[in-house]
file data32.pdb (PDB, C-alpha atoms, pLDDT in the B column)
MODEL        1
ATOM      1  CA  MET A   1      -4.623  10.740  10.371  1.00 79.00           C
ATOM      2  CA  THR A   2      -2.109   8.277   8.980  1.00 91.00           C
ATOM      3  CA  PRO A   3      -2.938   4.579   8.728  1.00 95.00           C
ATOM      4  CA  PRO A   4      -0.342   2.165  10.140  1.00 95.00           C
ATOM      5  CA  ILE A   5       0.277   0.654   6.715  1.00 96.00           C
ATOM      6  CA  PHE A   6       4.053   0.393   6.982  1.00 96.00           C
ATOM      7  CA  GLU A   7       3.930  -1.176  10.439  1.00 95.00           C
ATOM      8  CA  THR A   8       1.223  -3.640   9.371  1.00 97.00           C
ATOM      9  CA  CYS A   9       2.973  -4.741   6.187  1.00 97.00           C
ATOM     10  CA  ALA A  10       6.500  -4.747   7.649  1.00 96.00           C
ATOM     11  CA  ALA A  11       5.358  -7.172  10.381  1.00 96.00           C
ATOM     12  CA  ASP A  12       4.081  -9.715   7.823  1.00 96.00           C
ATOM     13  CA  THR A  13       6.514 -12.536   6.995  1.00 96.00           C
ATOM     14  CA  SER A  14       5.238 -12.915   3.404  1.00 97.00           C
ATOM     15  CA  VAL A  15       5.828  -9.208   2.761  1.00 97.00           C
ATOM     16  CA  GLN A  16       9.256  -9.435   4.406  1.00 97.00           C
ATOM     17  CA  ALA A  17      10.224 -12.326   2.126  1.00 97.00           C
ATOM     18  CA  LEU A  18       9.472 -10.186  -0.923  1.00 98.00           C
ATOM     19  CA  LEU A  19      10.281  -6.606   0.134  1.00 98.00           C
ATOM     20  CA  GLY A  20      12.872  -6.957   2.909  1.00 96.00           C
ATOM     21  CA  ASP A  21      12.497  -6.923   6.656  1.00 89.00           C
ATOM     22  CA  GLY A  22      12.558  -4.559   9.598  1.00 82.00           C
ATOM     23  CA  SER A  23      12.915  -0.875   8.780  1.00 84.00           C
ATOM     24  CA  ALA A  24      14.383  -1.858   5.380  1.00 92.00           C
ATOM     25  CA  VAL A  25      11.047  -3.036   3.940  1.00 96.00           C
ATOM     26  CA  ARG A  26      10.804  -1.479   0.467  1.00 98.00           C
ATOM     27  CA  LEU A  27       7.395   0.127   1.059  1.00 98.00           C
ATOM     28  CA  TYR A  28       7.566   3.899   0.639  1.00 97.00           C
ATOM     29  CA  SER A  29       5.108   6.647   1.564  1.00 96.00           C
ATOM     30  CA  PHE A  30       3.956   9.659  -0.437  1.00 96.00           C
ATOM     31  CA  GLY A  31       3.966   7.493  -3.592  1.00 94.00           C
ATOM     32  CA  GLU A  32       7.720   7.907  -4.105  1.00 95.00           C
ATOM     33  CA  ALA A  33      10.613   5.464  -3.866  1.00 96.00           C
ATOM     34  CA  PRO A  34      14.282   6.443  -3.682  1.00 95.00           C
ATOM     35  CA  GLN A  35      16.093   6.702  -7.018  1.00 92.00           C
ATOM     36  CA  GLY A  36      17.569   3.345  -8.067  1.00 92.00           C
ATOM     37  CA  VAL A  37      15.775   1.295  -5.396  1.00 95.00           C
ATOM     38  CA  GLN A  38      15.928  -2.477  -5.777  1.00 96.00           C
ATOM     39  CA  LEU A  39      12.918  -4.183  -7.370  1.00 97.00           C
ATOM     40  CA  PRO A  40      10.406  -5.271  -6.238  1.00 98.00           C
ATOM     41  CA  TYR A  41       9.093  -2.437  -4.118  1.00 98.00           C
ATOM     42  CA  ALA A  42       5.800  -0.736  -3.363  1.00 98.00           C
ATOM     43  CA  THR A  43       4.628   2.791  -2.711  1.00 98.00           C
ATOM     44  CA  TRP A  44       1.576   4.115  -0.940  1.00 98.00           C
ATOM     45  CA  ALA A  45      -0.135   7.474  -0.612  1.00 97.00           C
ATOM     46  CA  VAL A  46      -3.239   8.770   1.095  1.00 97.00           C
ATOM     47  CA  GLY A  47      -5.770   9.664  -1.579  1.00 95.00           C
ATOM     48  CA  SER A  48      -8.573  10.993   0.594  1.00 96.00           C
ATOM     49  CA  GLY A  49     -10.196  10.702   3.974  1.00 95.00           C
ATOM     50  CA  ALA A  50     -13.029  11.866   6.160  1.00 94.00           C
ATOM     51  CA  PRO A  51     -13.765  11.978   9.876  1.00 93.00           C
ATOM     52  CA  GLU A  52     -16.514   9.776  11.298  1.00 91.00           C
ATOM     53  CA  ASN A  53     -18.744  12.632  12.441  1.00 92.00           C
ATOM     54  CA  TYR A  54     -21.383  12.214  15.157  1.00 91.00           C
ATOM     55  CA  LEU A  55     -24.042  14.430  16.666  1.00 91.00           C
ATOM     56  CA  GLY A  56     -23.034  15.528  20.135  1.00 91.00           C
ATOM     57  CA  GLN A  57     -19.417  14.306  20.171  1.00 92.00           C
ATOM     58  CA  ALA A  58     -16.147  14.733  18.332  1.00 93.00           C
ATOM     59  CA  PRO A  59     -15.072  12.080  15.805  1.00 92.00           C
ATOM     60  CA  ASP A  60     -13.141   9.160  17.297  1.00 92.00           C
ATOM     61  CA  CYS A  61     -11.794   7.841  13.992  1.00 93.00           C
ATOM     62  CA  ASP A  62     -11.210   8.707  10.355  1.00 94.00           C
ATOM     63  CA  GLN A  63     -11.812   6.726   7.168  1.00 96.00           C
ATOM     64  CA  ILE A  64      -8.678   6.970   5.006  1.00 97.00           C
ATOM     65  CA  THR A  65      -8.360   5.842   1.377  1.00 97.00           C
ATOM     66  CA  VAL A  66      -4.858   4.652   0.482  1.00 97.00           C
ATOM     67  CA  HIS A  67      -3.529   3.958  -3.033  1.00 98.00           C
ATOM     68  CA  LEU A  68      -0.773   1.344  -3.404  1.00 98.00           C
ATOM     69  CA  ASP A  69       1.475   0.698  -6.389  1.00 98.00           C
ATOM     70  CA  VAL A  70       3.712  -2.354  -6.741  1.00 98.00           C
ATOM     71  CA  PHE A  71       6.748  -2.346  -9.060  1.00 98.00           C
ATOM     72  CA  ALA A  72       8.677  -5.473 -10.102  1.00 98.00           C
ATOM     73  CA  ARG A  73      10.873  -6.942 -12.830  1.00 97.00           C
ATOM     74  CA  THR A  74       8.256  -9.514 -13.834  1.00 98.00           C
ATOM     75  CA  ALA A  75       4.465  -9.570 -13.886  1.00 98.00           C
ATOM     76  CA  ASP A  76       4.432 -12.700 -11.719  1.00 98.00           C
ATOM     77  CA  THR A  77       6.531 -11.032  -9.019  1.00 98.00           C
ATOM     78  CA  ALA A  78       4.355  -7.905  -9.104  1.00 98.00           C
ATOM     79  CA  ARG A  79       1.253 -10.051  -8.579  1.00 98.00           C
ATOM     80  CA  GLU A  80       2.951 -11.990  -5.769  1.00 98.00           C
ATOM     81  CA  VAL A  81       3.847  -8.751  -3.966  1.00 98.00           C
ATOM     82  CA  ARG A  82       0.331  -7.358  -4.496  1.00 98.00           C
ATOM     83  CA  ASP A  83      -1.176 -10.531  -3.023  1.00 98.00           C
ATOM     84  CA  ALA A  84       1.161 -10.467   0.003  1.00 98.00           C
ATOM     85  CA  LEU A  85       0.428  -6.796   0.717  1.00 98.00           C
ATOM     86  CA  ALA A  86      -3.328  -7.301   0.319  1.00 98.00           C
ATOM     87  CA  ALA A  87      -3.294 -10.322   2.639  1.00 98.00           C
ATOM     88  CA  ALA A  88      -1.342  -8.391   5.288  1.00 98.00           C
ATOM     89  CA  ILE A  89      -3.675  -5.399   5.062  1.00 97.00           C
ATOM     90  CA  GLU A  90      -6.987  -7.272   4.905  1.00 96.00           C
ATOM     91  CA  GLY A  91      -6.659  -8.305   8.545  1.00 92.00           C
ATOM     92  CA  VAL A  92      -7.172  -4.675   9.588  1.00 96.00           C
ATOM     93  CA  ALA A  93      -8.571  -2.795   6.564  1.00 97.00           C
ATOM     94  CA  HIS A  94     -10.461  -3.399   3.315  1.00 97.00           C
ATOM     95  CA  VAL A  95      -9.208  -3.647  -0.258  1.00 97.00           C
ATOM     96  CA  VAL A  96     -11.860  -1.716  -2.186  1.00 97.00           C
ATOM     97  CA  SER A  97     -10.521  -1.851  -5.749  1.00 98.00           C
ATOM     98  CA  TRP A  98      -7.948  -3.439  -8.022  1.00 98.00           C
ATOM     99  CA  ASP A  99      -6.868  -0.480 -10.113  1.00 97.00           C
ATOM    100  CA  GLY A 100      -5.001  -1.992 -13.017  1.00 95.00           C
ATOM    101  CA  GLU A 101      -1.780  -3.468 -14.321  1.00 97.00           C
ATOM    102  CA  GLY A 102       0.756  -2.055 -16.754  1.00 97.00           C
ATOM    103  CA  ARG A 103       4.363  -1.124 -17.316  1.00 97.00           C
ATOM    104  CA  ASP A 104       6.089   1.995 -16.124  1.00 91.00           C
ATOM    105  CA  THR A 105       7.043   3.971 -19.231  1.00 91.00           C
ATOM    106  CA  GLU A 106      10.431   5.081 -17.911  1.00 88.00           C
ATOM    107  CA  SER A 107      11.780   2.058 -16.012  1.00 90.00           C
ATOM    108  CA  ARG A 108       9.758  -0.634 -17.866  1.00 94.00           C
ATOM    109  CA  ALA A 109       8.995  -2.188 -14.454  1.00 97.00           C
ATOM    110  CA  TYR A 110       5.691  -4.009 -14.153  1.00 98.00           C
ATOM    111  CA  ARG A 111       3.206  -1.989 -12.107  1.00 97.00           C
ATOM    112  CA  ILE A 112       0.062  -3.084 -10.286  1.00 98.00           C
ATOM    113  CA  SER A 113      -2.199  -0.717  -8.350  1.00 98.00           C
ATOM    114  CA  PHE A 114      -4.904  -1.214  -5.755  1.00 98.00           C
ATOM    115  CA  THR A 115      -6.863   0.850  -3.222  1.00 98.00           C
ATOM    116  CA  VAL A 116      -7.545   0.257   0.465  1.00 98.00           C
ATOM    117  CA  ASP A 117      -9.995   1.885   2.884  1.00 97.00           C
ATOM    118  CA  TRP A 118      -8.721   2.065   6.435  1.00 96.00           C
ATOM    119  CA  ILE A 119     -10.487   3.144   9.636  1.00 95.00           C
ATOM    120  CA  VAL A 120      -7.911   4.927  11.792  1.00 93.00           C
ATOM    121  CA  ARG A 121      -8.730   5.473  15.464  1.00 91.00           C
ATOM    122  CA  ARG A 122      -7.753   8.823  16.877  1.00 91.00           C
TER     123      ARG A 122
ENDMDL
END

call {"tool": "encode", "arguments": {"input": "data32.pdb", "output": "structure tokens"}}
result
Amino acid sequence: MTPPIFETCAADTSVQALLGDGSAVRLYSFGEAPQGVQLPYATWAVGSGAPENYLGQAPDCDQITVHLDVFARTADTAREVRDALAAAIEGVAHVVSWDGEGRDTESRAYRISFTVDWIVRR
């Protein structure tokens, strides 16, 4: 199952102010952004998941772990984007870890990572 992460974040005005609006929000799946994309942007990828199994009935939802990475020209902007994404997501899912800050070795963009657990109804 795929969590509605793009739809959730793209509908948030704080995220739109930082990453663009509508279908042009710079939030990319499978952990990959297009070559030469404008900073800041974020990527996400499903890391793991499991069905909510029950005795006597099929699962009605899945727990999905999603990893997000934010890339920006400055550390302050990266943190601002991280905070906007987390605030948009926390209305419907849970941030479970802040996974570090650093600089991308190739682009020298500032990078911040965090992880979200999402319950996705089937």

call {"tool": "resolve_selection", "arguments": {"input": "data32.pdb", "expression": "the PyMOL selection byres ((chain A and resi 8) around 10)", "output": "list in words"}}
result
Pro3, Pro4, Ile5, Phe6, Glu7, Cys9, Ala10, Ala11, Asp12, Val15, Leu85, Ala88, Ile89, Gly91 and Val92 of chain A

call {"tool": "residues_around", "arguments": {"input": "data32.pdb", "residues": "Ser48 of chain A", "least_positions_apart": "5", "cutoff": "9 Å", "atoms": "only C-alpha atoms", "output": "PyMOL selection string"}}
result
chain A and resi 63-66

call {"tool": "residues_near_point", "arguments": {"input": "data32.pdb", "point": "(1.9, 3.6, -2.3)", "cutoff": "6 Å", "atoms": "all atoms listed in the file", "output": "ChimeraX atom specification"}}
result
/A:29,31,42-45,67-69

call {"tool": "atom_distance", "arguments": {"input": "data32.pdb", "atom1": "atom CA of Ser23 of chain A", "atom2": "atom CA of Val37 of chain A"}}
result
14.6 Å

call {"tool": "axis_aligned_box", "arguments": {"input": "data32.pdb", "around": "segment 54-65 of chain A", "padding_each_side": "4 Å", "output": "JSON"}}
result
{"center_x": -16.2, "center_y": 10.7, "center_z": 10.8, "size_x": 23.7, "size_y": 17.7, "size_z": 26.8}

call {"tool": "atom_distance", "arguments": {"input": "data32.pdb", "atom1": "atom CA of Thr2 of chain A", "atom2": "atom CA of Asp60 of chain A"}}
result
13.8 Å

call {"tool": "atom_distance", "arguments": {"input": "data32.pdb", "atom1": "atom CA of Ala50 of chain A", "atom2": "atom CA of Val116 of chain A"}}
result
14.0 Å

call {"tool": "residues_near_point", "arguments": {"input": "data32.pdb", "point": "(6.9, -10.9, -12.1)", "cutoff": "12 Å", "atoms": "only C-alpha atoms", "output": "ChimeraX atom specification"}}
result
/A:18,39-41,70-82,101-103,109-112

call {"tool": "residues_around", "arguments": {"input": "data32.pdb", "residues": "Trp98 of chain A", "least_positions_apart": "2", "cutoff": "7 Å", "atoms": "all atoms listed in the file", "output": "MDAnalysis selection string"}}
result
chainID A and resid 100 113:115

call {"tool": "write_last_selection", "arguments": {"input": "data32.pdb", "atoms": "C-alpha atoms", "output": "short mmCIF file (atom, residue, chain, number, x, y, z; two decimals), keeping the file's coordinate frame"}}
result
data_model
loop_
_atom_site.label_atom_id
_atom_site.label_comp_id
_atom_site.auth_asym_id
_atom_site.auth_seq_id
_atom_site.Cartn_x
_atom_site.Cartn_y
_atom_site.Cartn_z
CA GLY A 100 -5.00 -1.99 -13.02
CA SER A 113 -2.20 -0.72 -8.35
CA PHE A 114 -4.90 -1.21 -5.76
CA THR A 115 -6.86 0.85 -3.22
#

call {"tool": "closest_residue", "arguments": {"input": "data32.pdb", "among": "A:Ala24, A:Ala33, A:Leu55, A:Ile119", "to": "His94 of chain A", "atoms": "all atoms listed in the file"}}
result
A:Ile119

call {"tool": "build_atoms", "arguments": {"input": "data32.pdb", "residues": "segment 35-46 of chain A", "atoms": "all heavy atoms", "output": "compact mmCIF listing (two decimals), keeping the file's coordinate frame"}}
result
# COMPACT_ATOMS: atom_id res chain seq x y z
N GLN A 35 15.51 6.95 -5.69
CA GLN A 35 16.09 6.70 -7.02
C GLN A 35 16.94 5.43 -6.98
O GLN A 35 17.74 5.24 -6.06
CB GLN A 35 16.96 7.90 -7.44
CG GLN A 35 17.50 7.80 -8.85
CD GLN A 35 16.41 7.99 -9.89
OE1 GLN A 35 15.39 8.60 -9.64
NE2 GLN A 35 16.62 7.44 -11.07
N GLY A 36 16.75 4.54 -7.94
CA GLY A 36 17.57 3.34 -8.07
C GLY A 36 17.27 2.25 -7.06
O GLY A 36 18.07 1.33 -6.89
N VAL A 37 16.12 2.31 -6.39
CA VAL A 37 15.78 1.30 -5.40
C VAL A 37 15.65 -0.08 -6.06
O VAL A 37 15.25 -0.20 -7.21
CB VAL A 37 14.48 1.67 -4.65
CG1 VAL A 37 13.26 1.61 -5.57
CG2 VAL A 37 14.26 0.79 -3.45
N GLN A 38 16.00 -1.10 -5.30
CA GLN A 38 15.93 -2.48 -5.78
C GLN A 38 14.48 -2.89 -6.01
O GLN A 38 13.60 -2.58 -5.21
CB GLN A 38 16.57 -3.39 -4.72
CG GLN A 38 16.44 -4.87 -5.01
CD GLN A 38 16.94 -5.71 -3.85
OE1 GLN A 38 17.74 -5.26 -3.04
NE2 GLN A 38 16.47 -6.92 -3.75
N LEU A 39 14.22 -3.59 -7.11
CA LEU A 39 12.92 -4.18 -7.37
C LEU A 39 12.86 -5.54 -6.69
O LEU A 39 13.89 -6.20 -6.57
CB LEU A 39 12.70 -4.37 -8.88
CG LEU A 39 12.57 -3.09 -9.71
CD1 LEU A 39 12.61 -3.42 -11.18
CD2 LEU A 39 11.28 -2.37 -9.38
N PRO A 40 11.68 -5.99 -6.25
CA PRO A 40 10.41 -5.27 -6.24
C PRO A 40 10.33 -4.30 -5.06
O PRO A 40 11.04 -4.43 -4.07
CB PRO A 40 9.39 -6.40 -6.07
CG PRO A 40 10.11 -7.43 -5.28
CD PRO A 40 11.55 -7.35 -5.75
N TYR A 41 9.40 -3.35 -5.20
CA TYR A 41 9.09 -2.44 -4.12
C TYR A 41 7.66 -1.96 -4.30
O TYR A 41 7.03 -2.21 -5.33
CB TYR A 41 10.06 -1.25 -4.07
CG TYR A 41 9.97 -0.30 -5.23
CD1 TYR A 41 9.08 0.78 -5.20
CD2 TYR A 41 10.77 -0.45 -6.36
CE1 TYR A 41 9.00 1.67 -6.26
CE2 TYR A 41 10.69 0.42 -7.41
CZ TYR A 41 9.81 1.49 -7.37
OH TYR A 41 9.73 2.36 -8.43
N ALA A 42 7.15 -1.28 -3.29
CA ALA A 42 5.80 -0.74 -3.36
C ALA A 42 5.79 0.67 -2.78
O ALA A 42 6.63 1.01 -1.95
CB ALA A 42 4.82 -1.63 -2.61
N THR A 43 4.85 1.46 -3.25
CA THR A 43 4.63 2.79 -2.71
C THR A 43 3.18 2.91 -2.28
O THR A 43 2.31 2.17 -2.75
CB THR A 43 4.94 3.89 -3.75
OG1 THR A 43 4.04 3.77 -4.85
CG2 THR A 43 6.38 3.80 -4.23
N TRP A 44 2.94 3.84 -1.37
CA TRP A 44 1.58 4.12 -0.94
C TRP A 44 1.41 5.61 -0.71
O TRP A 44 2.38 6.32 -0.44
CB TRP A 44 1.21 3.32 0.32
CG TRP A 44 1.94 3.71 1.55
CD1 TRP A 44 3.17 3.26 1.95
CD2 TRP A 44 1.51 4.63 2.56
NE1 TRP A 44 3.52 3.84 3.14
CE2 TRP A 44 2.53 4.68 3.54
CE3 TRP A 44 0.37 5.41 2.72
CZ2 TRP A 44 2.43 5.48 4.66
CZ3 TRP A 44 0.28 6.22 3.85
CH2 TRP A 44 1.29 6.23 4.80
N ALA A 45 0.18 6.06 -0.85
CA ALA A 45 -0.14 7.47 -0.61
C ALA A 45 -1.60 7.60 -0.21
O ALA A 45 -2.46 6.88 -0.75
CB ALA A 45 0.13 8.31 -1.86
N VAL A 46 -1.86 8.49 0.71
CA VAL A 46 -3.24 8.77 1.10
C VAL A 46 -3.90 9.52 -0.05
O VAL A 46 -3.37 10.53 -0.54
CB VAL A 46 -3.29 9.59 2.40
CG1 VAL A 46 -4.71 10.07 2.68
CG2 VAL A 46 -2.75 8.78 3.56
